[in-house]
There are 2 protein chains.
Amino acid sequence: MRVEAKTNEEAAKSCDIAILAVPDLPTPDFLAALAPVLREKLVISPIVPLVIKDGVFALASSEESAAERVAKALPGARVASAFQTVPSPMLSRLSAELDYDVLVTADSKQVYQEAAKLVSSIGKLRPLYAGPLSVSRVVEAITPAILNATRYNKLGSPSIKLV
Amino acid sequence: MRVEAKTNEEAAKSCDIAILAVPDLPTPDFLAALAPVLREKLVISPIVPLVIKDGVFALASSEESAAERVAKALPGARVASAFQTVPSPMLSRLSAELDYDVLVTADSKQVYQEAAKLVSSIGKLRPLYAGPLSVSRVVEAITPAILNATRYNKLGSPSIKLV
């Protein structure tokens, strides 16, 4: 794998697929700056708007998923959500034999299929279509649920499987 | 197992542990009627306030979990949430060798431990403490995520495991 350091704008310009690996929902300015270069590209949102509330992980209040907000801010981009539940330490070790289920949302079946192909290319990840981008809201909620359980039960960096 | 038909109030009076196996958040009247007889008892909320929105499963809007609302309506009861992600066809076949992870929330460690004991007594279910009743909100959200994936991918009646 080739790794290069670039500005976000340079990276967005040269990529075919952009994964918004940012710790929280980007600001509208950040996305607006990238919107022109991400047009027509596949953009994956693994974003989970986490907050700590009364000492536990929760989801920031919103009627919309982070993925829907990304799609609105990037007109013309083909946006899917995926990887919310895959712990970042695992995603940064792509050699690890990742064997999880990855719920994928997208507003069109074609965009889903492109995202699913990417998911399938990593370890033993199994993509599962979960519906349109609005469904990403409940998928994003799985992350704070897992993080709380992980912390109280000292579980390492778990992800999920549907069994 | 002994199965008897009773009114909700009779059942609440004679039980040691009450599992509120109702399809949606009960009305305040329903809970108020049971509150006196459920005082000091262990009450488990597996409730997920599901809605269908634009043709997909979602969680009814609320800042609070169903479990928190149950606890407020049942003063003096020892309320925990559990089983939200265990499909009802599986829970009704208690002979099935259920082998899932069950996230459990409760506002005290003692109530958690009582609920965990019940979870552990069923098949190979593994209870995992996920935090106070407020965390049940994100646990409840896992159910519509699974239901959507189940429907689009024809998965049967899956539950989850943290792996």
# chains A, B, ... in the order shown; residues from 1 in each chain; ligands from 1
>>> closest_atom_pairs(of="chain B", to="chain A", cutoff="7 Å", atoms="only C-alpha atoms", output="JSON lines")
{"residue": "B:Leu128", "atom": "CA", "partner": "A:Ala149", "partner_atom": "CA", "distance": 6.2}
{"residue": "B:Tyr129", "atom": "CA", "partner": "A:Ala149", "partner_atom": "CA", "distance": 5.9}
{"residue": "B:Ala130", "atom": "CA", "partner": "A:Ala149", "partner_atom": "CA", "distance": 4.3}
{"residue": "B:Gly131", "atom": "CA", "partner": "A:Asn148", "partner_atom": "CA", "distance": 6.5}
{"residue": "B:Val135", "atom": "CA", "partner": "A:Ala145", "partner_atom": "CA", "distance": 7.0}
{"residue": "B:Val138", "atom": "CA", "partner": "A:Ala141", "partner_atom": "CA", "distance": 5.1}
{"residue": "B:Val139", "atom": "CA", "partner": "A:Ala145", "partner_atom": "CA", "distance": 5.6}
{"residue": "B:Ala141", "atom": "CA", "partner": "A:Val138", "partner_atom": "CA", "distance": 5.1}
{"residue": "B:Ile142", "atom": "CA", "partner": "A:Ile142", "partner_atom": "CA", "distance": 5.7}
{"residue": "B:Pro144", "atom": "CA", "partner": "A:Val138", "partner_atom": "CA", "distance": 6.8}
{"residue": "B:Ala145", "atom": "CA", "partner": "A:Val138", "partner_atom": "CA", "distance": 5.6}
{"residue": "B:Asn148", "atom": "CA", "partner": "A:Ala130", "partner_atom": "CA", "distance": 5.2}
{"residue": "B:Ala149", "atom": "CA", "partner": "A:Ala130", "partner_atom": "CA", "distance": 4.3}
{"residue": "B:Tyr152", "atom": "CA", "partner": "A:Tyr129", "partner_atom": "CA", "distance": 6.4}
{"residue": "B:Asn153", "atom": "CA", "partner": "A:Leu128", "partner_atom": "CA", "distance": 6.7}
{"residue": "B:Pro158", "atom": "CA", "partner": "A:Val163", "partner_atom": "CA", "distance": 5.1}
{"residue": "B:Ser159", "atom": "CA", "partner": "A:Val163", "partner_atom": "CA", "distance": 5.5}
{"residue": "B:Ile160", "atom": "CA", "partner": "A:Leu162", "partner_atom": "CA", "distance": 4.7}
{"residue": "B:Lys161", "atom": "CA", "partner": "A:Lys161", "partner_atom": "CA", "distance": 5.4}
{"residue": "B:Leu162", "atom": "CA", "partner": "A:Ile160", "partner_atom": "CA", "distance": 4.7}
{"residue": "B:Val163", "atom": "CA", "partner": "A:Pro158", "partner_atom": "CA", "distance": 5.1}
>>> residues_around(residues="stretch 76-82 of chain A", least_positions_apart="4", cutoff="9 Å", atoms="only C-alpha atoms", output="VMD selection string")
chain A and resid 35 to 36 38 to 47 66 to 68 70 to 71 86 102 to 108 111 to 112 114 to 116 119 127 132 to 133 136 139
>>> select_by_dssp(residues="chain B", states="helix (DSSP H, G or I)", output="ChimeraX atom specification")
/B:8-14,28-38,66-73,88-91,109-120,133-153
>>> select_by_dssp(residues="chain A", states="strand (DSSP E or B)", output="PyMOL selection string")
chain A and resi 17-19+42-45+50-53+56-59+78-81+101-106+126-131+160-162
>>> write_last_selection(atoms="C-alpha atoms", output="mmCIF file, in the first residue's frame")
data_model
loop_
_atom_site.group_PDB
_atom_site.id
_atom_site.type_symbol
_atom_site.label_atom_id
_atom_site.label_comp_id
_atom_site.auth_asym_id
_atom_site.auth_seq_id
_atom_site.Cartn_x
_atom_site.Cartn_y
_atom_site.Cartn_z
ATOM 1 C CA ILE A 17 -12.845 6.883 -3.283
ATOM 2 C CA ALA A 18 -12.740 9.211 -0.276
ATOM 3 C CA ILE A 19 -13.195 7.828 3.231
ATOM 4 C CA LEU A 42 -17.612 7.659 -4.036
ATOM 5 C CA VAL A 43 -17.476 9.141 -0.519
ATOM 6 C CA ILE A 44 -17.719 6.861 2.499
ATOM 7 C CA SER A 45 -18.834 8.256 5.857
ATOM 8 C CA LEU A 50 -20.006 10.908 19.654
ATOM 9 C CA VAL A 51 -20.473 12.888 22.827
ATOM 10 C CA ILE A 52 -19.704 12.087 26.438
ATOM 11 C CA LYS A 53 -22.810 12.727 28.512
ATOM 12 C CA VAL A 56 -20.879 7.700 29.182
ATOM 13 C CA PHE A 57 -20.648 7.614 25.400
ATOM 14 C CA ALA A 58 -23.791 8.828 23.617
ATOM 15 C CA LEU A 59 -24.769 10.081 20.181
ATOM 16 C CA ARG A 78 -21.996 9.338 -4.335
ATOM 17 C CA VAL A 79 -22.227 9.002 -0.554
ATOM 18 C CA ALA A 80 -22.469 5.767 1.433
ATOM 19 C CA SER A 81 -21.920 5.110 5.127
ATOM 20 C CA ASP A 101 -20.226 -7.503 9.617
ATOM 21 C CA VAL A 102 -20.330 -3.989 8.204
ATOM 22 C CA LEU A 103 -23.722 -2.329 7.822
ATOM 23 C CA VAL A 104 -23.707 -0.116 4.741
ATOM 24 C CA THR A 105 -26.254 2.576 3.907
ATOM 25 C CA ALA A 106 -26.706 4.432 0.639
ATOM 26 C CA ARG A 126 -19.064 -8.798 5.157
ATOM 27 C CA PRO A 127 -21.053 -5.828 3.813
ATOM 28 C CA LEU A 128 -24.780 -5.840 4.604
ATOM 29 C CA TYR A 129 -27.117 -3.318 3.015
ATOM 30 C CA ALA A 130 -29.049 -1.600 5.815
ATOM 31 C CA GLY A 131 -31.115 0.899 3.791
ATOM 32 C CA ILE A 160 -20.021 -6.817 15.722
ATOM 33 C CA LYS A 161 -21.328 -9.833 13.899
ATOM 34 C CA LEU A 162 -24.928 -10.661 13.205
#
>>> atom_distance(atom1="atom CA of A:Leu34", atom2="atom CA of A:Asn8")
7.7 Å
>>> atom_distance(atom1="atom CA of A:Pro75", atom2="atom CA of A:Glu4")
26.8 Å
